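One file, start18.pdb, carrying PDB, C-alpha atoms and all ligand atoms:
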```
ATOM      1  CA  MET Q   1     -95.169 126.451-137.030
ATOM      2  CA  GLN Q   2     -95.170 129.138-139.730
ATOM      3  CA  GLN Q   3     -91.633 130.496-140.185
ATOM      4  CA  PRO Q   4     -90.462 134.002-141.195
ATOM      5  CA  VAL Q   5     -91.274 134.564-144.889
ATOM      6  CA  ARG Q   6     -88.573 133.730-147.450
ATOM      7  CA  ILE Q   7     -88.692 135.285-150.931
ATOM      8  CA  ALA Q   8     -87.547 133.116-153.846
ATOM      9  CA  PRO Q   9     -87.370 135.068-157.130
ATOM     10  CA  SER Q  10     -87.871 132.791-160.133
ATOM     11  CA  ILE Q  11     -85.114 133.247-162.719
ATOM     12  CA  LEU Q  12     -87.611 132.111-165.339
ATOM     13  CA  SER Q  13     -88.504 135.822-165.533
ATOM     14  CA  ALA Q  14     -84.868 137.016-165.662
ATOM     15  CA  ASP Q  15     -83.095 138.355-168.753
ATOM     16  CA  PHE Q  16     -81.486 135.104-169.987
ATOM     17  CA  ALA Q  17     -78.909 137.115-171.998
ATOM     18  CA  ARG Q  18     -77.519 138.401-168.645
ATOM     19  CA  LEU Q  19     -78.446 135.547-166.331
ATOM     20  CA  GLY Q  20     -75.373 135.762-164.096
ATOM     21  CA  GLU Q  21     -75.803 139.489-163.588
ATOM     22  CA  GLU Q  22     -79.494 138.957-162.828
ATOM     23  CA  VAL Q  23     -78.709 136.351-160.173
ATOM     24  CA  ARG Q  24     -76.223 138.741-158.554
ATOM     25  CA  ALA Q  25     -78.813 141.527-158.724
ATOM     26  CA  ILE Q  26     -81.622 139.613-156.972
ATOM     27  CA  ASP Q  27     -79.111 138.376-154.379
ATOM     28  CA  ALA Q  28     -78.100 141.970-153.654
ATOM     29  CA  ALA Q  29     -81.776 143.044-153.700
ATOM     30  CA  GLY Q  30     -82.588 140.758-150.773
ATOM     31  CA  ALA Q  31     -83.676 137.420-152.251
ATOM     32  CA  ASP Q  32     -83.548 134.619-149.685
ATOM     33  CA  TRP Q  33     -83.487 131.784-152.236
ATOM     34  CA  ILE Q  34     -82.978 131.613-156.017
ATOM     35  CA  HIS Q  35     -85.916 129.718-157.535
ATOM     36  CA  VAL Q  36     -84.878 127.722-160.612
ATOM     37  CA  ASP Q  37     -87.845 126.708-162.762
ATOM     38  CA  VAL Q  38     -86.851 123.711-164.900
ATOM     39  CA  MET Q  39     -89.278 122.793-167.687
ATOM     40  CA  ASP Q  40     -88.982 119.935-170.186
ATOM     41  CA  GLY Q  41     -91.724 120.624-172.763
ATOM     42  CA  HIS Q  42     -93.297 117.260-171.801
ATOM     43  CA  PHE Q  43     -94.582 117.530-168.223
ATOM     44  CA  VAL Q  44     -95.355 121.209-168.963
ATOM     45  CA  PRO Q  45     -95.888 122.876-172.388
ATOM     46  CA  ASN Q  46     -92.694 124.952-172.201
ATOM     47  CA  ILE Q  47     -88.927 124.376-172.147
ATOM     48  CA  SER Q  48     -86.643 126.499-169.930
ATOM     49  CA  PHE Q  49     -83.141 125.306-168.980
ATOM     50  CA  GLY Q  50     -81.218 122.338-167.599
ATOM     51  CA  PRO Q  51     -78.429 121.573-165.123
ATOM     52  CA  ALA Q  52     -75.645 123.041-167.294
ATOM     53  CA  VAL Q  53     -77.251 126.499-167.355
ATOM     54  CA  MET Q  54     -77.915 126.306-163.616
ATOM     55  CA  LYS Q  55     -74.295 125.298-162.976
ATOM     56  CA  SER Q  56     -73.089 128.269-165.040
ATOM     57  CA  VAL Q  57     -74.644 130.716-162.550
ATOM     58  CA  ARG Q  58     -73.977 128.727-159.364
ATOM     59  CA  GLY Q  59     -70.894 130.825-158.621
ATOM     60  CA  CYS Q  60     -72.837 134.098-158.906
ATOM     61  CA  THR Q  61     -74.424 133.768-155.449
ATOM     62  CA  ALA Q  62     -74.102 131.913-152.178
ATOM     63  CA  LYS Q  63     -77.906 131.964-151.721
ATOM     64  CA  PRO Q  64     -79.637 128.543-151.847
ATOM     65  CA  PHE Q  65     -80.801 127.255-155.237
ATOM     66  CA  ASP Q  66     -84.441 126.267-154.787
ATOM     67  CA  VAL Q  67     -84.911 123.960-157.795
ATOM     68  CA  HIS Q  68     -88.422 123.243-159.085
ATOM     69  CA  LEU Q  69     -88.390 120.329-161.537
ATOM     70  CA  MET Q  70     -91.347 120.463-163.896
ATOM     71  CA  ILE Q  71     -90.091 117.408-165.745
ATOM     72  CA  ALA Q  72     -91.174 113.790-166.187
ATOM     73  CA  PRO Q  73     -89.683 111.273-165.762
ATOM     74  CA  VAL Q  74     -87.693 113.042-163.069
ATOM     75  CA  ASP Q  75     -85.528 110.462-161.223
ATOM     76  CA  ALA Q  76     -82.902 110.236-163.952
ATOM     77  CA  TYR Q  77     -82.037 113.931-163.524
ATOM     78  CA  LEU Q  78     -81.844 114.310-159.730
ATOM     79  CA  ASP Q  79     -78.111 113.618-159.511
ATOM     80  CA  ALA Q  80     -77.339 116.065-162.339
ATOM     81  CA  PHE Q  81     -79.146 118.910-160.556
ATOM     82  CA  ALA Q  82     -77.449 118.006-157.284
ATOM     83  CA  GLU Q  83     -74.066 118.095-159.036
ATOM     84  CA  ALA Q  84     -75.003 121.441-160.645
ATOM     85  CA  GLY Q  85     -75.412 123.003-157.205
ATOM     86  CA  ALA Q  86     -79.027 122.553-156.086
ATOM     87  CA  ASP Q  87     -79.708 123.043-152.369
ATOM     88  CA  CYS Q  88     -83.352 121.950-152.479
ATOM     89  CA  ILE Q  89     -84.959 119.888-155.251
ATOM     90  CA  SER Q  90     -88.746 119.875-155.518
ATOM     91  CA  VAL Q  91     -90.518 117.200-157.549
ATOM     92  CA  HIS Q  92     -94.130 117.137-158.741
ATOM     93  CA  ILE Q  93     -96.295 114.451-157.183
ATOM     94  CA  GLU Q  94     -97.901 114.208-160.655
ATOM     95  CA  ALA Q  95     -94.576 113.515-162.434
ATOM     96  CA  GLY Q  96     -94.750 109.778-161.833
ATOM     97  CA  PRO Q  97     -95.788 106.911-159.529
ATOM     98  CA  HIS Q  98     -92.764 107.003-157.203
ATOM     99  CA  ILE Q  99     -92.688 110.395-155.463
ATOM    100  CA  HIS Q 100     -91.706 108.750-152.160
ATOM    101  CA  ARG Q 101     -88.664 107.142-153.730
ATOM    102  CA  SER Q 102     -87.703 110.418-155.463
ATOM    103  CA  LEU Q 103     -87.778 112.246-152.126
ATOM    104  CA  GLN Q 104     -85.712 109.478-150.500
ATOM    105  CA  HIS Q 105     -83.123 109.794-153.264
ATOM    106  CA  ILE Q 106     -82.910 113.604-152.985
ATOM    107  CA  LYS Q 107     -82.308 113.240-149.229
ATOM    108  CA  SER Q 108     -79.660 110.570-149.876
ATOM    109  CA  LEU Q 109     -77.824 113.200-151.950
ATOM    110  CA  GLY Q 110     -77.697 115.414-148.851
ATOM    111  CA  LEU Q 111     -80.195 117.942-150.202
ATOM    112  CA  ARG Q 112     -83.544 119.267-148.965
ATOM    113  CA  ALA Q 113     -86.464 117.511-150.660
ATOM    114  CA  GLY Q 114     -89.624 119.309-151.794
ATOM    115  CA  VAL Q 115     -92.926 117.959-153.048
ATOM    116  CA  VAL Q 116     -95.007 120.015-155.488
ATOM    117  CA  LEU Q 117     -98.795 119.945-155.940
ATOM    118  CA  CYS Q 118    -100.465 121.135-159.154
ATOM    119  CA  PRO Q 119    -103.688 123.127-158.675
ATOM    120  CA  GLY Q 120    -105.845 120.031-159.259
ATOM    121  CA  THR Q 121    -104.075 117.845-156.693
ATOM    122  CA  PRO Q 122    -105.596 117.762-153.180
ATOM    123  CA  ALA Q 123    -103.562 118.379-150.023
ATOM    124  CA  LYS Q 124    -104.489 114.832-148.947
ATOM    125  CA  ALA Q 125    -101.922 113.542-151.452
ATOM    126  CA  LEU Q 126     -99.292 114.592-148.897
ATOM    127  CA  ASP Q 127    -100.566 112.114-146.277
ATOM    128  CA  TYR Q 128     -97.582 109.740-146.438
ATOM    129  CA  LEU Q 129     -94.899 112.266-147.425
ATOM    130  CA  LEU Q 130     -94.673 114.706-144.520
ATOM    131  CA  ASP Q 131     -92.301 112.488-142.539
ATOM    132  CA  LEU Q 132     -89.838 112.864-145.438
ATOM    133  CA  ALA Q 133     -90.395 116.237-147.120
ATOM    134  CA  ASP Q 134     -88.528 119.402-146.110
ATOM    135  CA  LEU Q 135     -90.737 121.638-148.257
ATOM    136  CA  VAL Q 136     -94.212 121.592-149.799
ATOM    137  CA  LEU Q 137     -94.731 123.747-152.917
ATOM    138  CA  VAL Q 138     -98.334 124.649-153.712
ATOM    139  CA  MET Q 139     -98.778 125.780-157.335
ATOM    140  CA  SER Q 140    -101.132 128.746-157.619
ATOM    141  CA  VAL Q 141    -101.008 128.581-161.426
ATOM    142  CA  ASN Q 142    -100.932 125.651-163.813
ATOM    143  CA  PRO Q 143     -97.183 125.151-164.291
ATOM    144  CA  GLY Q 144     -95.394 126.119-167.473
ATOM    145  CA  PHE Q 145     -95.306 129.886-167.738
ATOM    146  CA  GLY Q 146     -94.595 132.981-165.695
ATOM    147  CA  GLY Q 147     -96.985 135.931-165.732
ATOM    148  CA  GLN Q 148    -100.216 133.964-165.187
ATOM    149  CA  GLY Q 149    -103.080 134.924-162.867
ATOM    150  CA  PHE Q 150    -103.200 133.651-159.273
ATOM    151  CA  ILE Q 151    -105.743 130.819-158.784
ATOM    152  CA  GLU Q 152    -107.810 131.975-155.766
ATOM    153  CA  GLY Q 153    -109.001 128.466-154.913
ATOM    154  CA  GLN Q 154    -105.470 127.495-153.871
ATOM    155  CA  LEU Q 155    -105.710 129.665-150.739
ATOM    156  CA  LYS Q 156    -107.899 126.959-149.173
ATOM    157  CA  LYS Q 157    -105.283 124.334-150.043
ATOM    158  CA  ILE Q 158    -102.511 126.450-148.504
ATOM    159  CA  ALA Q 159    -104.500 126.613-145.250
ATOM    160  CA  ALA Q 160    -105.096 122.849-145.350
ATOM    161  CA  VAL Q 161    -101.387 122.137-145.947
ATOM    162  CA  ARG Q 162    -100.470 124.517-143.097
ATOM    163  CA  LYS Q 163    -102.656 122.440-140.749
ATOM    164  CA  MET Q 164    -101.064 119.190-141.957
ATOM    165  CA  ILE Q 165     -97.548 120.566-141.529
ATOM    166  CA  ASP Q 166     -98.311 121.836-138.018
ATOM    167  CA  ALA Q 167     -99.815 118.458-137.098
ATOM    168  CA  SER Q 168     -96.656 116.710-138.383
ATOM    169  CA  GLY Q 169     -94.511 118.540-135.821
ATOM    170  CA  ARG Q 170     -91.766 118.949-138.451
ATOM    171  CA  ALA Q 171     -90.308 122.268-139.668
ATOM    172  CA  ILE Q 172     -91.478 121.916-143.266
ATOM    173  CA  ASP Q 173     -91.438 125.034-145.483
ATOM    174  CA  LEU Q 174     -94.736 125.910-147.193
ATOM    175  CA  GLU Q 175     -93.937 127.604-150.498
ATOM    176  CA  VAL Q 176     -96.361 129.081-153.067
ATOM    177  CA  ASP Q 177     -95.548 129.562-156.740
ATOM    178  CA  GLY Q 178     -97.450 131.385-159.447
ATOM    179  CA  GLY Q 179     -99.106 134.776-159.764
ATOM    180  CA  VAL Q 180     -97.596 135.950-156.482
ATOM    181  CA  ASP Q 181     -97.449 139.736-156.176
ATOM    182  CA  ALA Q 182     -97.764 142.175-153.250
ATOM    183  CA  ALA Q 183    -101.547 141.644-153.021
ATOM    184  CA  THR Q 184    -101.641 137.864-153.338
ATOM    185  CA  ALA Q 185     -98.482 137.475-151.216
ATOM    186  CA  ALA Q 186    -100.264 138.903-148.183
ATOM    187  CA  ARG Q 187    -103.160 136.459-148.667
ATOM    188  CA  CYS Q 188    -100.796 133.486-149.080
ATOM    189  CA  ILE Q 189     -98.999 134.411-145.849
ATOM    190  CA  ALA Q 190    -102.309 134.867-144.031
ATOM    191  CA  ALA Q 191    -103.304 131.384-145.232
ATOM    192  CA  GLY Q 192    -100.099 129.882-143.820
ATOM    193  CA  ALA Q 193     -97.385 130.133-146.494
ATOM    194  CA  ASP Q 194     -93.844 131.035-145.393
ATOM    195  CA  ALA Q 195     -91.968 130.985-148.685
ATOM    196  CA  LEU Q 196     -93.028 132.824-151.852
ATOM    197  CA  VAL Q 197     -91.869 132.317-155.431
ATOM    198  CA  ALA Q 198     -92.262 135.321-157.700
ATOM    199  CA  GLY Q 199     -90.970 135.954-161.190
ATOM    200  CA  THR Q 200     -92.932 138.755-162.839
ATOM    201  CA  ALA Q 201     -93.498 140.665-159.576
ATOM    202  CA  VAL Q 202     -89.757 140.708-158.789
ATOM    203  CA  PHE Q 203     -88.218 141.274-162.209
ATOM    204  CA  ARG Q 204     -90.602 143.998-163.390
ATOM    205  CA  GLY Q 205     -88.952 147.411-163.833
ATOM    206  CA  GLY Q 206     -85.373 146.137-164.100
ATOM    207  CA  ALA Q 207     -82.582 145.768-161.515
ATOM    208  CA  PRO Q 208     -83.071 149.201-159.851
ATOM    209  CA  ALA Q 209     -86.590 148.060-158.868
ATOM    210  CA  TYR Q 210     -85.736 144.566-157.559
ATOM    211  CA  ALA Q 211     -85.146 145.527-153.898
ATOM    212  CA  ALA Q 212     -88.430 147.447-153.667
ATOM    213  CA  ASN Q 213     -90.271 144.641-155.488
ATOM    214  CA  ILE Q 214     -88.955 142.044-153.038
ATOM    215  CA  ALA Q 215     -89.729 144.287-150.045
ATOM    216  CA  ALA Q 216     -93.298 144.709-151.337
ATOM    217  CA  LEU Q 217     -93.752 140.937-151.283
ATOM    218  CA  ARG Q 218     -92.733 140.967-147.624
ATOM    219  CA  GLY Q 219     -95.347 143.649-146.993
ATOM    220  CA  GLU Q 220     -92.654 146.252-146.243
TER     221      GLU Q 220
HETATM  222  C1  LIG M   1     -94.451 127.690-163.256
HETATM  223  C2  LIG M   1     -93.436 128.682-162.800
HETATM  224  C3  LIG M   1     -94.007 130.100-162.569
HETATM  225  C4  LIG M   1     -92.971 131.044-162.066
HETATM  226  C5  LIG M   1     -93.580 132.212-161.339
HETATM  227  O1  LIG M   1     -95.202 128.123-164.259
HETATM  228  O2  LIG M   1     -92.962 128.164-161.592
HETATM  229  O3  LIG M   1     -95.063 129.978-161.641
HETATM  230  O4  LIG M   1     -92.134 130.446-161.182
HETATM  231  O5  LIG M   1     -94.015 133.084-162.302
HETATM  232  P1  LIG M   1     -94.840 134.411-161.921
HETATM  233  O6  LIG M   1     -94.346 134.891-160.592
HETATM  234  O7  LIG M   1     -94.494 135.366-163.038
HETATM  235  O8  LIG M   1     -96.249 133.970-161.879
HETATM  236 ZN    ZN M   2     -91.464 127.256-159.759
END
```
For the file at hand, write its structure as structure tokens.
Ligand code: DX5
Ligand code: ZN
Amino acid sequence: MQQPVRIAPSILSADFARLGEEVRAIDAAGADWIHVDVMDGHFVPNISFGPAVMKSVRGCTAKPFDVHLMIAPVDAYLDAFAEAGADCISVHIEAGPHIHRSLQHIKSLGLRAGVVLCPGTPAKALDYLLDLADLVLVMSVNPGFGGQGFIEGQLKKIAAVRKMIDASGRAIDLEVDGGVDAATAARCIAAGADALVAGTAVFRGGAPAYAANIAALRGE
């Protein structure tokens, strides 16, 4: 069952020189979750930040930290991100052979567990994971950078994942990440998404614009 839409601004697009202030600003502007895009320069061709930076802004908001690990190997870092204050940790199915075990470990830490699909990975890859996952993240760009164009073909995958989630009978969030703006947000929601990651579309125009930018993603 599709849930009310949650907006998760990605701090990858924030001003890193004022990261704490930026987290407070998107919290005040109506963000539901804080999306933390972690990149290692190996799984994706970019490096962002690690658990220490995330921990340094944990106290700036009570909103959930929705952590997206674009790293491989990933299992060695799950405990560090849990300790740094993650509420949900999402792992790429493509990051290694043991996604099921990674999800089990995240749950054993008392956190929500998410599974991420790159644009080239079919929804079918979720077949044996929906009894475990709390969230499915469909990438609508190839991971590594903010500000990329939305990949239209992923709308079909979002609809397919929506069907699989509804058939599972579990309340699993369906999140979309990459190139989400007011126009593509509406199409993602129509296809069955109920959580939207946005970096560029939220942080454009500076803090005075954040509330209106987030509202626009909700279609308000
Ligand atoms: C992976 C990152 C980006 C980011 C969103 O590359 O996960 O998708 O969160 O960036 P925008 O909203 O600027 O496309
Ligand atoms: Zn992300």
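Environment of ligand ZN 2 (chain M), defined as every protein or nucleic acid residue with an atom within 7 Å of it and counting only C-alpha atoms and all ligand atoms, comprises Ser10, His35, Val36, Asp37, His68, Asp177 and Val197 of chain Q.
Of the listed residues (Q:Cys188, Q:Ala86, Q:Ala216, Q:Leu126), Q:Ala86 comes nearest to Gly110 (chain Q); the distances count all atoms listed in the file.
Using all atoms listed in the file for every distance, the candidate list Q:Asn46, Q:Thr121, Q:Ser108, Q:Ser56 yields Q:Asn46 as the residue closest to ligand LIG 1 (chain M).
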Between CA of His92 (chain Q) and CA of Ile71 (chain Q), what is the distance, to one decimal in Å?
-> 8.1 Å
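Proximity to ligand LIG 1 (chain M) was assessed for Q:Asp173, Q:Glu83, Q:Asp166, Q:Asp66 counting only C-alpha atoms and all ligand atoms; the smallest distance is recorded for Q:Asp66.
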I'd like a table as JSON lines: residues in region 6-50 of chain Q with an atom no more than 10 Å from region 198-212 of chain Q, each row giving the shortest atom pair and its distance in Å to one decimal, only C-alpha atoms counted, sorted by chain and rising residue number.
```
{"residue": "Q:Ile7", "atom": "CA", "partner": "Q:Ala198", "partner_atom": "CA", "distance": 7.7}
{"residue": "Q:Ala8", "atom": "CA", "partner": "Q:Ala198", "partner_atom": "CA", "distance": 6.5}
{"residue": "Q:Pro9", "atom": "CA", "partner": "Q:Ala198", "partner_atom": "CA", "distance": 4.9}
{"residue": "Q:Ser10", "atom": "CA", "partner": "Q:Gly199", "partner_atom": "CA", "distance": 4.6}
{"residue": "Q:Ile11", "atom": "CA", "partner": "Q:Gly199", "partner_atom": "CA", "distance": 6.6}
{"residue": "Q:Leu12", "atom": "CA", "partner": "Q:Gly199", "partner_atom": "CA", "distance": 6.6}
{"residue": "Q:Ser13", "atom": "CA", "partner": "Q:Gly199", "partner_atom": "CA", "distance": 5.0}
{"residue": "Q:Ala14", "atom": "CA", "partner": "Q:Phe203", "partner_atom": "CA", "distance": 6.4}
{"residue": "Q:Asp15", "atom": "CA", "partner": "Q:Phe203", "partner_atom": "CA", "distance": 8.8}
{"residue": "Q:Glu21", "atom": "CA", "partner": "Q:Ala207", "partner_atom": "CA", "distance": 9.5}
{"residue": "Q:Glu22", "atom": "CA", "partner": "Q:Ala207", "partner_atom": "CA", "distance": 7.6}
{"residue": "Q:Arg24", "atom": "CA", "partner": "Q:Ala207", "partner_atom": "CA", "distance": 9.9}
{"residue": "Q:Ala25", "atom": "CA", "partner": "Q:Ala207", "partner_atom": "CA", "distance": 6.3}
{"residue": "Q:Ile26", "atom": "CA", "partner": "Q:Tyr210", "partner_atom": "CA", "distance": 6.5}
{"residue": "Q:Asp27", "atom": "CA", "partner": "Q:Ala211", "partner_atom": "CA", "distance": 9.4}
{"residue": "Q:Ala28", "atom": "CA", "partner": "Q:Ala211", "partner_atom": "CA", "distance": 7.9}
{"residue": "Q:Ala29", "atom": "CA", "partner": "Q:Ala211", "partner_atom": "CA", "distance": 4.2}
{"residue": "Q:Gly30", "atom": "CA", "partner": "Q:Ala211", "partner_atom": "CA", "distance": 6.2}
{"residue": "Q:Ala31", "atom": "CA", "partner": "Q:Ala211", "partner_atom": "CA", "distance": 8.4}
{"residue": "Q:His35", "atom": "CA", "partner": "Q:Ala198", "partner_atom": "CA", "distance": 8.5}
{"residue": "Q:Asp37", "atom": "CA", "partner": "Q:Gly199", "partner_atom": "CA", "distance": 9.9}
```
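Minimum atom-to-atom distances from Q:Ile47, Q:Ala125, Q:Val57, Q:Ala113 to ligand LIG 1 (chain M) were compared using only C-alpha atoms and all ligand atoms, and the lowest value belongs to Q:Ile47.
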Explicit residue set for the PyMOL selection byres (((chain Q and resi 43-45) around 7) and not hetatm), as an mmCIF file with C-alpha atoms, in the coordinates of the input:
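The resulting selection_13.cif:
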```
data_model
loop_
_atom_site.group_PDB
_atom_site.id
_atom_site.type_symbol
_atom_site.label_atom_id
_atom_site.label_comp_id
_atom_site.auth_asym_id
_atom_site.auth_seq_id
_atom_site.Cartn_x
_atom_site.Cartn_y
_atom_site.Cartn_z
ATOM 1 C CA MET Q 39 -89.278 122.793 -167.687
ATOM 2 C CA ASP Q 40 -88.982 119.935 -170.186
ATOM 3 C CA GLY Q 41 -91.724 120.624 -172.763
ATOM 4 C CA HIS Q 42 -93.297 117.260 -171.801
ATOM 5 C CA ASN Q 46 -92.694 124.952 -172.201
ATOM 6 C CA MET Q 70 -91.347 120.463 -163.896
ATOM 7 C CA ILE Q 71 -90.091 117.408 -165.745
ATOM 8 C CA ALA Q 72 -91.174 113.790 -166.187
ATOM 9 C CA PRO Q 143 -97.183 125.151 -164.291
ATOM 10 C CA GLY Q 144 -95.394 126.119 -167.473
#
```
Atomic distance CA of Arg101 (chain Q) - CA of Ile158 (chain Q), expressed in Å with one decimal = 24.3 Å
Expanded to explicit residues, what is the PyMOL selection byres (((chain Q and resi 195) around 9) and not hetatm) for this file, as a PyMOL selection string?
-> chain Q and resi 3-8+137+173-177+189+193-194+196-197
Using the chain letters and numbering of this document, enumerate as a ChimeraX atom specification the residues selected by the PyMOL selection byres (((chain Q and resi 178) around 6) and not hetatm).
-> /Q:140-141,177,179-180
